[in-house]
Each structure stands twice: as structure tokens, then as C-alpha cells.
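A.B. asks: The structure is given below, and queries will be raised subsequently.
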Amino acid sequence: MANNYTLGRGKIYFGKFGDDGVTPIGERYLGNTPECSFTIEAETLDHFSSDDGIKEKDDSVPLSTTRTGSFSTDNIDPANLAYFFFGTDDVLSVTGATITDEEIGPITQGMTYQIGTSPTVPQGQTNLTQHTAPSTDVIVQDEATGLITYDAGDDYTVDLNTGQITIVDGGAIADNTSILVTYKTTTQSIARVVSGSTPIEGTMRFVSNNPKGKLYDYFMPWVKITPNGDFALKGDEWQVIPFNLEILKKTGYEAFYITERAAP
């Protein structure tokens, strides 16, 4: 019988369970996955004969089987980030409008403050637009009277892309006072991930595409995805999201189905 030497490659598809917690809403390709592996451990109860000489093991009964795995992806998209943070991904719709006299403070010179924070948008507003009149991007006035308009550049700076306002050291905006900010938002749709606390469950399918060796596809009817270690936001390598797998046995199914497939 010829040896089947294999150089493994393939794609991972995850079928997240819907609201019923049982039926996948469809299988989603996770993107490029540099690593994927499985670990299976069995706990056994051994029996030893003690009738003669040294004890000899004469029976062994399996007590439990634990099936786990791990994989990583360098496809840094909202859905994969949501899996890592036990959360959900959605689209935040923002309607362009002029926001008048939003109060920020009390402030401290040299500090940066986020514009447009609220209970529904705690991260604040981004991608602000420029006013047509007056020509300044963001209008900043004193909260006490609303009559003093501070000077952009001398008293504060604004990053329209991030929606951050920085109070200039030595400027006219005094410490422990509040300011009124008037700005314009842009009509836009923004991808957003909100973290949660529940592992993501669903089906998983590994579709082989080996450059060498027979093709075997792996299907798991029930897996739980959890984070596995560090997700580095900064570094000199490509960002990679690491995951752990818990492979469970669903009622009426086995844990793994491994099927040979003809090469395309």
C-alpha cells in the first residue's frame, strides 16, 4: 500500500448558530487561516492483575474523550473580531446633521476629548465634515455664557477623521471649565463590533486543498470558538487572531465526519 504523504492546506467555514442555538445561519469562509490543528485526549480506567509476580495490565476502559483544537486567521474583519471578543458585528448608520452646543468638560489643558459620545454611541462620532460658514471645522465656545468663541489652533485642535478635540496648553480655555462644541456629522455606514461574554457556537467545516496528498474534508456539527492568547494591535508582523476550539458531540451526531474527496 502506497504511503499518503500530505502537505496540508485548506479553507475553514464556520456556520454560526442562529437564534434557536441549533441551526446554522449559513457557513461563512473565515479567510486565510495560517494554522489549524486538532487535539484528542482520552481518559481511561486501567485494570491490573495482581495474582502473580508484577502486576500486569489486563484491561482498560475509556472513561471520557476530550476533543479540542486551535486555528488562527489573519483576515482581520468585523465578524472574526466579533468571534474573538465573544461579541456581535453590525453596521452603525449615521445620518449627517449639525450638532449644536454639545457640552464637554470639565476639561484639562493638554488633554484630548472625544466628540459625540452617548450611551448609544459610546465610542463617539468620527469622520466629521467641515462647516460652510464660518469656515472653521468645529466651533468651540465657552459653556458658561456661550458668547466666547475660541480660536482653532491657538486654543484647541481637532482631528475630523477621529472626532478628537485637544485642548492646547497655554490657550484661552481654562482648566476645570466646560466647552460647547458645534460640529457636523457625515451620512455614513460604519462597521462596528460590540464585545460580549458568551462563546460563539456553530458548525465547522475544513475543506482540504492540499498541494500533496489525498483530500480529506472535516465536518464538525458542533463547536465552540473561544480566544486563544494575544491579539497584537501593534508589531512588525501581520496581525493574527488566534482561536481555541471545543469540539462537542451533538445529540444524534458524531463529533467528526471525515470524507475523502476527489481532486478537482
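Quick note on naming: the chains in the C-alpha cells go A, B, ... in the order shown, residues restart at 1 in each chain, and ligands are numbered from 1 in order of appearance.
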Select from stretch 150-224 of chain A every residue with an atom at most 7 Å from any atom of stretch 242-248 of chain A, then for each give the shortest pair of atoms and their distance in Å to one decimal, using only C-alpha atoms, rows by chain and rising number, as a Markdown table.

C.D. replies:
```
| residue | atom | partner | partner_atom | distance |
| --- | --- | --- | --- | --- |
| A:Trp222 | CA | A:Leu248 | CA | 5.5 |
| A:Val223 | CA | A:Ile247 | CA | 4.6 |
| A:Lys224 | CA | A:Glu246 | CA | 5.1 |
```

A.B. asks: For the selection you just gave me, I'd like the residues written to a file as a PDB file, in the first residue's frame, keeping N, CA and C atoms.

C.D. replies:
```
ATOM      1  N   TRP A 222     -20.836  20.556  15.850  1.00  0.00           N
ATOM      2  CA  TRP A 222     -20.997  21.471  16.986  1.00  0.00           C
ATOM      3  C   TRP A 222     -19.628  21.822  17.546  1.00  0.00           C
ATOM      4  N   VAL A 223     -19.280  23.075  17.444  1.00  0.00           N
ATOM      5  CA  VAL A 223     -18.033  23.568  18.032  1.00  0.00           C
ATOM      6  C   VAL A 223     -18.306  24.868  18.782  1.00  0.00           C
ATOM      7  N   LYS A 224     -17.450  25.155  19.753  1.00  0.00           N
ATOM      8  CA  LYS A 224     -17.436  26.448  20.427  1.00  0.00           C
ATOM      9  C   LYS A 224     -16.102  27.120  20.128  1.00  0.00           C
TER      10      LYS A 224
END
```

A.B. asks: Taking into account only C-alpha atoms, which residue in the set A:Tyr216, A:Phe48, A:Phe14, A:Tyr113 is nearest to A:Ala262?

C.D. replies: A:Tyr216

A.B. asks: Looking at only C-alpha atoms, which of A:Met204, A:Ile190, A:Ile107, A:Ile40 is the one that sits closest to A:Val168?

C.D. replies: A:Ile107

A.B. asks: For A:Phe17, which residue out of A:Ala172, A:Ala255, A:Ile225, A:Leu233 is the nearest one, using only C-alpha atoms?

C.D. replies: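 When distances to A:Phe17 are compared using only C-alpha atoms, the smallest one comes from A:Ile225.
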
A.B. asks: One decimal, in Å: what's the spacing between atom CA of A:Glu102 and atom CA of A:Ala191?

C.D. replies: 24.7 Å
